[in-house]
Every structure is written in C-alpha cells, then in structure tokens.
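> So here's entry04.cif (mmCIF, C-alpha atoms and all ligand atoms).
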data_start
#
loop_
_atom_site.group_PDB
_atom_site.id
_atom_site.type_symbol
_atom_site.label_atom_id
_atom_site.label_comp_id
_atom_site.auth_asym_id
_atom_site.auth_seq_id
_atom_site.Cartn_x
_atom_site.Cartn_y
_atom_site.Cartn_z
ATOM 1 C CA MET A 126 0.000 0.000 0.000
ATOM 2 C CA GLU A 127 1.464 3.309 -1.125
ATOM 3 C CA PHE A 128 1.093 6.711 0.517
ATOM 4 C CA LYS A 129 1.800 10.265 -0.624
ATOM 5 C CA PHE A 130 4.374 10.719 2.129
ATOM 6 C CA ASN A 131 7.748 9.037 2.629
ATOM 7 C CA VAL A 132 6.998 5.713 4.360
ATOM 8 C CA ASN A 133 10.710 4.910 4.708
ATOM 9 C CA LYS A 134 11.346 8.042 6.767
ATOM 10 C CA LEU A 135 8.619 7.028 9.184
ATOM 11 C CA LEU A 136 9.203 3.272 9.114
ATOM 12 C CA PRO A 137 12.861 2.754 8.137
ATOM 13 C CA ARG A 138 13.084 -0.927 9.037
ATOM 14 C CA LYS A 139 11.804 -3.875 7.041
ATOM 15 C CA ILE A 140 9.602 -4.751 10.031
ATOM 16 C CA ASN A 141 8.554 -1.915 12.325
ATOM 17 C CA LYS A 142 6.889 -2.221 15.689
ATOM 18 C CA VAL A 143 4.108 0.193 16.701
ATOM 19 C CA THR A 144 2.327 0.398 20.076
ATOM 20 C CA HIS A 145 -0.306 2.571 21.786
ATOM 21 C CA ASN A 146 1.786 5.768 21.805
ATOM 22 C CA LEU A 147 2.028 5.766 17.986
ATOM 23 C CA VAL A 148 5.710 6.664 18.126
ATOM 24 C CA PRO A 149 7.926 4.828 15.625
ATOM 25 C CA GLU A 150 10.774 2.850 17.234
ATOM 26 C CA ASP A 151 13.599 5.090 16.020
ATOM 27 C CA PHE A 152 11.834 8.417 16.349
ATOM 28 C CA LYS A 153 14.007 11.458 16.968
ATOM 29 C CA GLY A 154 12.568 14.954 16.687
ATOM 30 C CA ASP A 155 10.638 17.756 18.320
ATOM 31 C CA ARG A 156 6.981 18.002 19.295
ATOM 32 C CA ARG A 157 5.847 19.276 15.893
ATOM 33 C CA GLU A 158 7.620 16.407 14.120
ATOM 34 C CA LEU A 159 6.107 13.947 16.585
ATOM 35 C CA ASN A 160 2.586 15.185 15.810
ATOM 36 C CA GLU A 161 3.250 14.876 12.097
ATOM 37 C CA CYS A 162 4.665 11.388 12.591
ATOM 38 C CA GLN A 163 1.621 10.278 14.577
ATOM 39 C CA ARG A 164 -0.693 11.695 11.919
ATOM 40 C CA MET A 165 1.034 9.707 9.166
ATOM 41 C CA LEU A 166 1.227 6.552 11.251
ATOM 42 C CA SER A 167 -2.486 6.846 12.038
ATOM 43 C CA ARG A 168 -3.185 7.066 8.318
ATOM 44 C CA ILE A 169 -1.176 3.896 7.669
ATOM 45 C CA LEU A 170 -2.878 1.960 10.473
ATOM 46 C CA ASP A 171 -6.359 3.102 9.438
ATOM 47 C CA ASP A 172 -5.841 2.267 5.748
ATOM 48 C CA MET A 173 -4.162 -1.085 6.438
ATOM 49 C CA GLY A 174 -6.859 -1.905 9.022
ATOM 50 C CA GLU A 175 -9.575 -1.219 6.471
ATOM 51 C CA ALA A 176 -7.846 -3.283 3.798
ATOM 52 C CA SER A 177 -7.488 -6.163 6.251
ATOM 53 C CA ALA A 178 -11.172 -5.997 7.161
ATOM 54 C CA ARG A 179 -12.145 -5.994 3.467
ATOM 55 C CA ALA A 180 -9.900 -9.007 2.821
ATOM 56 C CA GLN A 181 -11.597 -10.875 5.677
ATOM 57 C CA GLY A 182 -15.121 -9.835 4.674
ATOM 58 C CA LEU A 183 -15.673 -7.911 7.914
ATOM 59 C CA ASN A 184 -17.923 -4.865 7.949
ATOM 60 C CA LYS A 185 -15.698 -2.884 10.288
ATOM 61 C CA PRO A 186 -11.945 -2.854 10.894
ATOM 62 C CA ILE A 187 -10.310 -4.649 13.816
ATOM 63 C CA THR A 188 -7.324 -2.342 13.560
ATOM 64 C CA SER A 189 -7.189 1.460 13.577
ATOM 65 C CA ALA A 190 -5.025 4.111 15.253
ATOM 66 C CA LEU A 191 -7.858 4.976 17.631
ATOM 67 C CA LYS A 192 -8.415 1.337 18.638
ATOM 68 C CA LEU A 193 -4.692 0.924 19.352
ATOM 69 C CA ARG A 194 -4.517 3.886 21.762
ATOM 70 C CA ASP A 195 -5.703 2.381 25.040
ATOM 71 C CA THR A 196 -4.372 -1.135 24.592
ATOM 72 C CA ASP A 197 -1.254 -3.228 25.184
ATOM 73 C CA HIS A 198 -1.428 -4.374 21.552
ATOM 74 C CA THR A 199 1.630 -4.539 19.326
ATOM 75 C CA ILE A 200 1.433 -4.005 15.580
ATOM 76 C CA TYR A 201 4.219 -5.192 13.289
ATOM 77 C CA LEU A 202 4.282 -3.425 9.913
ATOM 78 C CA LEU A 203 6.168 -4.995 7.017
ATOM 79 C CA VAL A 204 7.595 -2.437 4.593
ATOM 80 C CA ASP A 205 9.004 -2.821 1.088
ATOM 81 C CA ASN A 206 11.590 -0.049 1.358
ATOM 82 C CA GLU A 207 12.418 -0.081 -2.379
ATOM 83 C CA ALA A 208 8.843 0.268 -3.649
ATOM 84 C CA ASN A 209 7.131 3.499 -4.811
ATOM 85 C CA ASN A 210 10.336 5.104 -6.102
ATOM 86 C CA GLU A 211 12.202 4.458 -2.853
ATOM 87 C CA LEU A 212 9.457 6.118 -0.752
ATOM 88 C CA GLY A 213 8.529 2.653 0.492
ATOM 89 C CA SER A 214 5.189 0.866 0.684
ATOM 90 C CA VAL A 215 3.479 -0.968 3.525
ATOM 91 C CA VAL A 216 2.830 -4.580 2.546
ATOM 92 C CA GLY A 217 1.800 -6.373 5.737
ATOM 93 C CA LEU A 218 0.322 -5.986 9.198
ATOM 94 C CA LEU A 219 0.311 -8.354 12.163
ATOM 95 C CA LYS A 220 -1.290 -7.452 15.489
ATOM 96 C CA THR A 221 -0.816 -9.259 18.802
ATOM 97 C CA GLY A 222 -2.227 -8.597 22.264
ATOM 98 C CA SER A 223 -3.110 -10.240 25.568
ATOM 99 C CA LYS A 224 -6.692 -11.214 26.403
ATOM 100 C CA ASN A 225 -8.307 -12.741 29.418
ATOM 101 C CA LEU A 226 -9.941 -15.852 27.939
ATOM 102 C CA PHE A 227 -12.128 -18.716 29.098
ATOM 103 C CA LEU A 228 -10.915 -21.781 27.238
ATOM 104 C CA PHE A 229 -11.510 -25.533 27.205
ATOM 105 C CA GLY A 230 -8.556 -27.918 27.334
ATOM 106 C CA GLU A 231 -8.218 -31.142 25.373
ATOM 107 C CA THR A 232 -10.048 -33.153 28.022
ATOM 108 C CA GLY A 233 -12.825 -30.591 28.486
ATOM 109 C CA LYS A 234 -11.164 -28.973 31.505
ATOM 110 C CA HIS A 235 -12.004 -25.302 31.875
ATOM 111 C CA TYR A 236 -9.299 -22.599 32.077
ATOM 112 C CA GLN A 237 -9.346 -18.866 32.627
ATOM 113 C CA LEU A 238 -6.067 -17.344 31.572
ATOM 114 C CA GLN A 239 -4.266 -14.376 30.095
ATOM 115 C CA ALA A 240 -3.443 -15.570 26.575
ATOM 116 C CA ARG A 241 -1.209 -13.974 23.991
ATOM 117 C CA CYS A 242 -3.375 -13.666 20.897
ATOM 118 C CA ILE A 243 -3.133 -13.008 17.180
ATOM 119 C CA LEU A 244 -5.733 -10.318 16.600
ATOM 120 C CA ASP A 245 -5.211 -9.247 12.985
ATOM 121 C CA PHE A 246 -3.027 -10.433 10.107
ATOM 122 C CA TYR A 247 -2.954 -9.096 6.576
ATOM 123 C CA VAL A 248 -0.623 -9.089 3.573
ATOM 124 C CA HIS A 249 -1.515 -6.902 0.591
ATOM 125 C CA GLU A 250 -3.409 -8.812 -2.115
ATOM 126 C CA LEU A 251 -0.648 -8.365 -4.732
ATOM 127 C CA ARG A 252 1.974 -9.756 -2.340
ATOM 128 C CA GLN A 253 0.233 -12.794 -0.865
ATOM 129 C CA ARG A 254 1.658 -16.323 -1.215
ATOM 130 C CA MET A 255 5.232 -15.072 -1.608
ATOM 131 C CA GLY A 256 6.409 -15.926 1.893
ATOM 132 C CA LEU A 257 6.031 -12.372 3.266
ATOM 133 C CA GLY A 258 3.378 -13.357 5.809
ATOM 134 C CA ASN A 259 5.787 -15.875 7.278
ATOM 135 C CA ILE A 260 8.642 -13.354 7.436
ATOM 136 C CA LEU A 261 6.334 -11.150 9.517
ATOM 137 C CA TYR A 262 5.164 -14.064 11.661
ATOM 138 C CA GLN A 263 8.701 -15.330 12.342
ATOM 139 C CA HIS A 264 9.774 -11.850 13.391
ATOM 140 C CA MET A 265 6.854 -11.587 15.817
ATOM 141 C CA LEU A 266 7.608 -15.045 17.294
ATOM 142 C CA SER A 267 11.197 -14.077 17.981
ATOM 143 C CA GLU A 268 10.313 -10.587 19.349
ATOM 144 C CA GLU A 269 7.704 -12.043 21.690
ATOM 145 C CA ASN A 270 9.747 -15.148 22.455
ATOM 146 C CA ILE A 271 6.762 -17.430 21.994
ATOM 147 C CA ARG A 272 6.080 -20.691 20.153
ATOM 148 C CA PRO A 273 3.261 -20.747 17.541
ATOM 149 C CA VAL A 274 1.260 -23.340 19.493
ATOM 150 C CA LYS A 275 1.070 -20.984 22.493
ATOM 151 C CA LEU A 276 -0.879 -18.312 20.612
ATOM 152 C CA ALA A 277 -4.675 -18.064 20.593
ATOM 153 C CA ILE A 278 -6.050 -16.930 17.246
ATOM 154 C CA ASP A 279 -9.009 -14.570 16.991
ATOM 155 C CA ARG A 280 -11.388 -15.959 14.335
ATOM 156 C CA PRO A 281 -8.782 -17.232 11.834
ATOM 157 C CA SER A 282 -9.629 -17.221 8.125
ATOM 158 C CA GLU A 283 -9.207 -20.329 5.949
ATOM 159 C CA LYS A 284 -6.057 -18.770 4.495
ATOM 160 C CA PHE A 285 -4.572 -18.253 7.947
ATOM 161 C CA LEU A 286 -5.473 -21.802 9.012
ATOM 162 C CA GLY A 287 -3.711 -23.076 5.859
ATOM 163 C CA PHE A 288 -0.721 -20.897 6.710
ATOM 164 C CA LEU A 289 -0.474 -22.260 10.280
ATOM 165 C CA HIS A 290 -0.687 -25.811 8.995
ATOM 166 C CA LYS A 291 1.903 -25.298 6.273
ATOM 167 C CA TYR A 292 4.591 -23.560 8.339
ATOM 168 C CA TYR A 293 3.940 -24.710 11.888
ATOM 169 C CA GLY A 294 2.130 -28.047 11.532
ATOM 170 C CA LEU A 295 -0.848 -26.715 13.492
ATOM 171 C CA SER A 296 -4.094 -28.403 12.500
ATOM 172 C CA LYS A 297 -5.572 -30.113 15.555
ATOM 173 C CA ILE A 298 -7.999 -27.525 16.916
ATOM 174 C CA ILE A 299 -9.343 -27.791 20.473
ATOM 175 C CA PRO A 300 -13.028 -26.772 20.183
ATOM 176 C CA GLN A 301 -14.024 -23.638 22.139
ATOM 177 C CA ASN A 302 -17.202 -21.767 23.025
ATOM 178 C CA ASN A 303 -15.869 -18.467 21.729
ATOM 179 C CA LYS A 304 -14.378 -17.200 18.478
ATOM 180 C CA PHE A 305 -10.794 -18.022 19.481
ATOM 181 C CA VAL A 306 -8.924 -20.990 18.069
ATOM 182 C CA VAL A 307 -6.228 -22.851 19.980
ATOM 183 C CA PHE A 308 -4.393 -25.969 18.891
ATOM 184 C CA GLU A 309 -3.402 -29.162 20.681
ATOM 185 C CA GLY A 310 -0.309 -28.339 22.731
ATOM 186 C CA PHE A 311 -1.583 -24.894 23.780
ATOM 187 C CA PHE A 312 -2.096 -25.984 27.399
ATOM 188 C CA ASP A 313 1.121 -28.024 27.679
ATOM 189 C CA ASP A 314 3.716 -26.774 30.160
ATOM 190 C CA GLY A 315 6.587 -24.596 28.970
ATOM 191 C CA THR A 316 6.633 -21.454 26.884
HETATM 192 N N1 LIG B 1 -5.697 -19.523 -0.404
HETATM 193 C C1 LIG B 1 -5.365 -20.516 0.448
HETATM 194 N N2 LIG B 1 -4.298 -20.453 1.311
HETATM 195 C C2 LIG B 1 -3.580 -19.328 1.318
HETATM 196 C C3 LIG B 1 -3.877 -18.235 0.468
HETATM 197 C C4 LIG B 1 -4.993 -18.376 -0.424
HETATM 198 N N3 LIG B 1 -5.348 -17.414 -1.279
HETATM 199 N N4 LIG B 1 -2.995 -17.254 0.711
HETATM 200 C C5 LIG B 1 -2.149 -17.714 1.658
HETATM 201 N N5 LIG B 1 -2.492 -18.962 2.036
HETATM 202 C C6 LIG B 1 -1.796 -19.822 3.025
HETATM 203 C C7 LIG B 1 -1.348 -21.109 2.335
HETATM 204 O O1 LIG B 1 -1.069 -22.081 3.308
HETATM 205 C C8 LIG B 1 -0.074 -20.645 1.661
HETATM 206 O O2 LIG B 1 0.777 -21.713 1.282
HETATM 207 P P1 LIG B 1 0.681 -22.282 -0.247
HETATM 208 O O3 LIG B 1 0.809 -21.097 -1.146
HETATM 209 O O4 LIG B 1 1.814 -23.252 -0.325
HETATM 210 O O5 LIG B 1 -0.691 -22.920 -0.348
HETATM 211 C C9 LIG B 1 0.552 -19.812 2.732
HETATM 212 O O6 LIG B 1 -0.559 -19.165 3.417
HETATM 213 C C10 LIG B 1 1.475 -18.759 2.155
HETATM 214 O O7 LIG B 1 2.273 -18.245 3.145
HETATM 215 P P2 LIG B 1 2.877 -16.761 3.010
HETATM 216 O O8 LIG B 1 3.152 -16.436 1.589
HETATM 217 O O9 LIG B 1 3.994 -16.641 4.007
HETATM 218 O O10 LIG B 1 1.633 -15.930 3.568
HETATM 219 P P3 LIG B 1 0.963 -14.601 2.961
HETATM 220 O O11 LIG B 1 2.013 -13.581 2.682
HETATM 221 O O12 LIG B 1 0.008 -14.945 1.882
HETATM 222 O O13 LIG B 1 0.144 -14.114 4.256
HETATM 223 C C11 LIG B 1 -2.117 -14.127 5.104
HETATM 224 C C12 LIG B 1 -0.831 -14.949 4.847
HETATM 225 C C13 LIG B 1 -1.788 -12.974 6.054
HETATM 226 C C14 LIG B 1 -3.170 -15.037 5.740
HETATM 227 C C15 LIG B 1 -2.600 -13.543 3.749
HETATM 228 O O14 LIG B 1 -2.911 -14.582 2.884
HETATM 229 C C16 LIG B 1 -3.791 -12.594 3.857
HETATM 230 O O15 LIG B 1 -3.640 -11.418 4.130
HETATM 231 N N6 LIG B 1 -5.012 -13.121 3.641
HETATM 232 C C17 LIG B 1 -6.228 -12.297 3.659
HETATM 233 C C18 LIG B 1 -6.553 -11.795 5.056
HETATM 234 C C19 LIG B 1 -6.655 -12.912 6.063
HETATM 235 O O16 LIG B 1 -7.284 -13.932 5.829
HETATM 236 N N7 LIG B 1 -6.013 -12.696 7.244
HETATM 237 C C20 LIG B 1 -6.105 -13.558 8.401
HETATM 238 C C21 LIG B 1 -7.354 -13.227 9.139
HETATM 239 S S1 LIG B 1 -7.568 -14.027 10.696
HETATM 240 C C22 LIG B 1 -6.762 -13.061 11.864
HETATM 241 O O17 LIG B 1 -6.217 -12.071 11.510
HETATM 242 C C23 LIG B 1 -6.710 -13.443 13.299
#
Step by step, read the file and then write its structure as structure tokens.

Amino acid sequence: MEFKFNVNKLLPRKINKVTHNLVPEDFKGDRRELNECQRMLSRILDDMGEASARAQGLNKPITSALKLRDTDHTIYLLVDNEANNELGSVVGLLKTGSKNLFLFGETGKHYQLQARCILDFYVHELRQRMGLGNILYQHMLSEENIRPVKLAIDRPSEKFLGFLHKYYGLSKIIPQNNKFVVFEGFFDDGT
C-alpha cells in the first residue's frame, strides 16, 4: 500500500513495531515532528486496518489508530523499502495482544487465563503467497519469544489456518465456546 508521504522516513526498518503511543521505534525529533509522525502513522494503520477488514469480509476494521490507543497491543508493519520510487510501501500488518480468555482444554477442563493472541493479520493482495506473511510471523515469534502453538487466534480465516498448517504443523484444533482458536499443545507446560 502506497502513501503520498515518505513511508521509509517514518518506518525505516523492514519490520517496524508500533504500540499505543504511535511513536515509531527510532523516532528522533521535536513536538511538531512527533505530531506529524503520529498523523502519518495513524493514516497507515487506518488504511491497512480497512484493507485487512475488506480481505476478511468484515464490515468494520479490527485495527485502527484509535483502537490501538488504550491497549497493550503490538502491531508489526512490514515495509518494502524499495517500492514506490524508494518512498517505500506498507505490505503487511500483524497485530498481537493479551486477552483474558475462558478456554476448554483437550479433556474438556475449563481454564481462565491471560493468553497472547493473534488479533489481525494481513498481507496486501498483490503480495500474498510469496512468503512475506511468514517473514512477519517469524519476526513476531522471535520478538515475543513465543512458540506458535502458544498463541490463541481470533477468528482465523481459511487462508490463515492453511498458513499455520503449512509452516507450523498446526491443524488439531481444540473446540471452544468463543471465536478463538487454539491448537493441541496450547495448554502443555513450557513457553
Ligand atoms: N488460499 C489458500 N491459502 C492461502 C492463500 C490463499 N489465497 N494465501 C495464503 N495462504 C496460506 C497457504 O497455506 C499458503 O501456502 P501455499 O501457497 O503453499 O498454499 C501460505 O498461506 C502462504 O504463506 P505466506 O506467503 O507466508 O503468507 P501470505 O504472505 O500470503 O500471508 C495471510 C498470509 C496474512 C493469511 C494472507 O494470505 C492474507 O492477508 N489473507 C487475507 C486476510 C486474512 O485472511 N487474514 C487472516 C485473518 S484471521 C486473523 O487475523 C486473526
């Protein structure tokens, strides 16, 4: 996704982390520059959030700058720094966060726990099935020091389920009463 402004200046890394304060990781500047930065970042999050919702057939976005503000959520943005005449383009978004969930274990045992969750995941339509989603996912796993089986997934699409099976061998779903999906191994000890 291309923007009129210089994406690379705002998001210089291949994968950039954004949290509730909407300040890019490497930000250096004064108050005026910070406001400008937050305005541009909000635009990116809102547009990517809308594109993700469209791709998932949802009628409203799960991700926006406003929704991020009062949360502990982390958004990873994948940038193609060479695209759009070296201005850069945003090609992927992955959002994680912690949620207090009621979940059933493999034997029907009931748990209430704080689970790390995948809340939104999107790669631009023209860039899907090229391995970019997995680059983003691998980065998140290493940043958050977590194994794929330990993540609860908020309403995964068929494409995402295929992705988890292909790369991480996850296919055995433990049925739940809510919209979250967890796989066999989720409740096993160890991180
Ligand atoms: N049809 C079926 N499976 C697909 C498709 C597709 N159109 N696209 C990706 N996949 C799965 C397959 O397993 C595929 O492997 P294959 O090509 O060998 O069949 C694998 O993902 C490809 O892996 P990557 O190239 O690393 O992933 P990609 O860059 O395509 O990103 C993603 C995966 C984010 C799911 C992307 O396809 C996408 O944005 N889809 C639309 C939005 C969506 O469904 N997001 C997940 C919503 S659920 C949630 O966010 C909690």
> On this structure, the PyMOL selection byres (((chain A and resi 150) around 10) and not hetatm) would catch which residues? List them as a list in words, sorted by chain and number.
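Applying the PyMOL selection byres (((chain A and resi 150) around 10) and not hetatm) to the structure shown produces Leu135, Leu136, Pro137, Arg138, Asn141, Lys142, Val143, Thr144, Leu147, Val148, Pro149, Asp151, Phe152 and Lys153 of chain A.
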> Here is a test: counting only C-alpha atoms and all ligand atoms, which residue of A:Asn206, A:Ser296, A:Asn131, A:Gln237 is nearest to ligand LIG 1 (chain B)?
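Of the candidates, the smallest distance to ligand LIG 1 (chain B) is held by A:Ser296.
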> Could you give me, as a Markdown table, every chain A residue with an atom at most 8 Å from ligand LIG 1 (chain B), plus its closest atom pair and distance in Å to one decimal, counting only C-alpha atoms and all ligand atoms, rows ordered by chain then number?

| residue | atom | partner | partner_atom | distance |
| --- | --- | --- | --- | --- |
| A:Ser177 | CA | B:LIG1 | C18 | 5.8 |
| A:Ala178 | CA | B:LIG1 | C18 | 7.7 |
| A:Ala180 | CA | B:LIG1 | C18 | 4.9 |
| A:Gln181 | CA | B:LIG1 | C18 | 5.2 |
| A:Gly217 | CA | B:LIG1 | C13 | 7.5 |
| A:Leu218 | CA | B:LIG1 | C13 | 7.9 |
| A:Leu219 | CA | B:LIG1 | O17 | 7.5 |
| A:Lys220 | CA | B:LIG1 | O17 | 7.8 |
| A:Ile243 | CA | B:LIG1 | C23 | 5.3 |
| A:Leu244 | CA | B:LIG1 | C23 | 4.6 |
| A:Asp245 | CA | B:LIG1 | O17 | 3.3 |
| A:Phe246 | CA | B:LIG1 | O17 | 3.9 |
| A:Tyr247 | CA | B:LIG1 | O15 | 3.4 |
| A:Val248 | CA | B:LIG1 | O15 | 3.9 |
| A:His249 | CA | B:LIG1 | O15 | 6.1 |
| A:Glu250 | CA | B:LIG1 | O15 | 6.8 |
| A:Arg252 | CA | B:LIG1 | O11 | 6.3 |
| A:Gln253 | CA | B:LIG1 | O12 | 3.5 |
| A:Arg254 | CA | B:LIG1 | O8 | 3.2 |
| A:Met255 | CA | B:LIG1 | O8 | 4.1 |
| A:Gly256 | CA | B:LIG1 | O9 | 3.3 |
| A:Leu257 | CA | B:LIG1 | O11 | 4.2 |
| A:Gly258 | CA | B:LIG1 | O11 | 3.4 |
| A:Asn259 | CA | B:LIG1 | O9 | 3.8 |
| A:Ile260 | CA | B:LIG1 | O9 | 6.6 |
| A:Ile278 | CA | B:LIG1 | C23 | 5.3 |
| A:Asp279 | CA | B:LIG1 | C23 | 4.5 |
| A:Arg280 | CA | B:LIG1 | C23 | 5.4 |
| A:Pro281 | CA | B:LIG1 | S1 | 3.6 |
| A:Ser282 | CA | B:LIG1 | S1 | 4.6 |
| A:Glu283 | CA | B:LIG1 | O16 | 6.7 |
| A:Lys284 | CA | B:LIG1 | N2 | 4.0 |
| A:Phe285 | CA | B:LIG1 | C14 | 4.1 |
| A:Leu286 | CA | B:LIG1 | O1 | 7.2 |
| A:Gly287 | CA | B:LIG1 | O1 | 3.8 |
| A:Phe288 | CA | B:LIG1 | O1 | 3.6 |
| A:Leu289 | CA | B:LIG1 | O1 | 7.0 |
| A:His290 | CA | B:LIG1 | O1 | 6.8 |
| A:Lys291 | CA | B:LIG1 | O1 | 5.3 |
| A:Tyr292 | CA | B:LIG1 | O1 | 7.7 |
> Ranking A:Asn133, A:Thr199, A:Ser267, A:Ser189 by minimum distance to His145 (chain A) and counting all atoms listed in the file, which one comes first?
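Checking each candidate against His145 (chain A), we get A:Thr199 as the closest.
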> Residues proximal to (5.8, -26.6, 29.4) were defined as those with any atom within 12 Å of that point in the file's coordinates, counting only C-alpha atoms. Which are they, as number ranges by chain?
A: 271-272, 274-275, 310-316
> Written as an mmCIF file with C-alpha atoms, keeping the file's coordinate frame, what is the full residue list that the PyMOL selection byres (((chain A and resi 223) around 6) and not hetatm) yields on the file shown?

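File expr-v9.cif, as written:
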data_model
loop_
_atom_site.group_PDB
_atom_site.id
_atom_site.type_symbol
_atom_site.label_atom_id
_atom_site.label_comp_id
_atom_site.auth_asym_id
_atom_site.auth_seq_id
_atom_site.Cartn_x
_atom_site.Cartn_y
_atom_site.Cartn_z
ATOM 1 C CA GLY A 222 -2.227 -8.597 22.264
ATOM 2 C CA LYS A 224 -6.692 -11.214 26.403
ATOM 3 C CA ALA A 240 -3.443 -15.570 26.575
ATOM 4 C CA ARG A 241 -1.209 -13.974 23.991
ATOM 5 C CA CYS A 242 -3.375 -13.666 20.897
#
> So that I can check the surroundings of Ser167 (chain A), please list as a ChimeraX atom specification every protein, DNA and RNA residue that reaches within 9 Å of it, counting only C-alpha atoms and ignoring chain neighbours fewer than 4 positions away.
/A:147,162-163,171-172,189-191
> Please put the answer as JSON: centre and edge lengths, in Å with one decimal, of a box along x, y and z that encloses all listed atoms of region 155-173 of chain A plus 5 Å on each side.

{"center_x": 2.1, "center_y": 9.1, "center_z": 12.5, "size_x": 27.0, "size_y": 30.4, "size_z": 23.5}
> Run the PyMOL selection byres (((chain A and resi 132) around 12) and not hetatm) on the file and write out the hits as a ChimeraX atom specification.
/A:126-131,133-139,141,149,162,165-166,168-169,202-216
> How far is it from CA of Gly154 (chain A) to CA of Lys192 (chain A), in Å with one decimal?
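One can read the CA of Gly154 (chain A) to CA of Lys192 (chain A) distance as 25.1 Å.
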> Any idea what the distance is between CA of Arg194 (chain A) and CA of Asn146 (chain A)?
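CA of Asn146 (chain A) lies at a distance of 6.6 Å from CA of Arg194 (chain A).
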> How many Å lie between CA of Ile140 (chain A) and CA of Glu175 (chain A), rounded to one decimal?
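Separating CA of Ile140 (chain A) from CA of Glu175 (chain A) is a distance of 19.8 Å.
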> For a quick check of understanding, using all atoms listed in the file, which of A:Arg157, A:Gly174, A:Gln301, A:Ala277 has the smallest distance to Lys234 (chain A)?
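Looking only at the distances to Lys234 (chain A), the closest residue turns out to be A:Gln301.
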> Measuring atom to atom with all atoms listed in the file, identify which of A:Tyr201, A:Thr221, A:Tyr293, A:Thr232 is nearest to Leu261 (chain A).
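Comparing A:Tyr201, A:Thr221, A:Tyr293, A:Thr232 against Leu261 (chain A), the winner is A:Tyr201.
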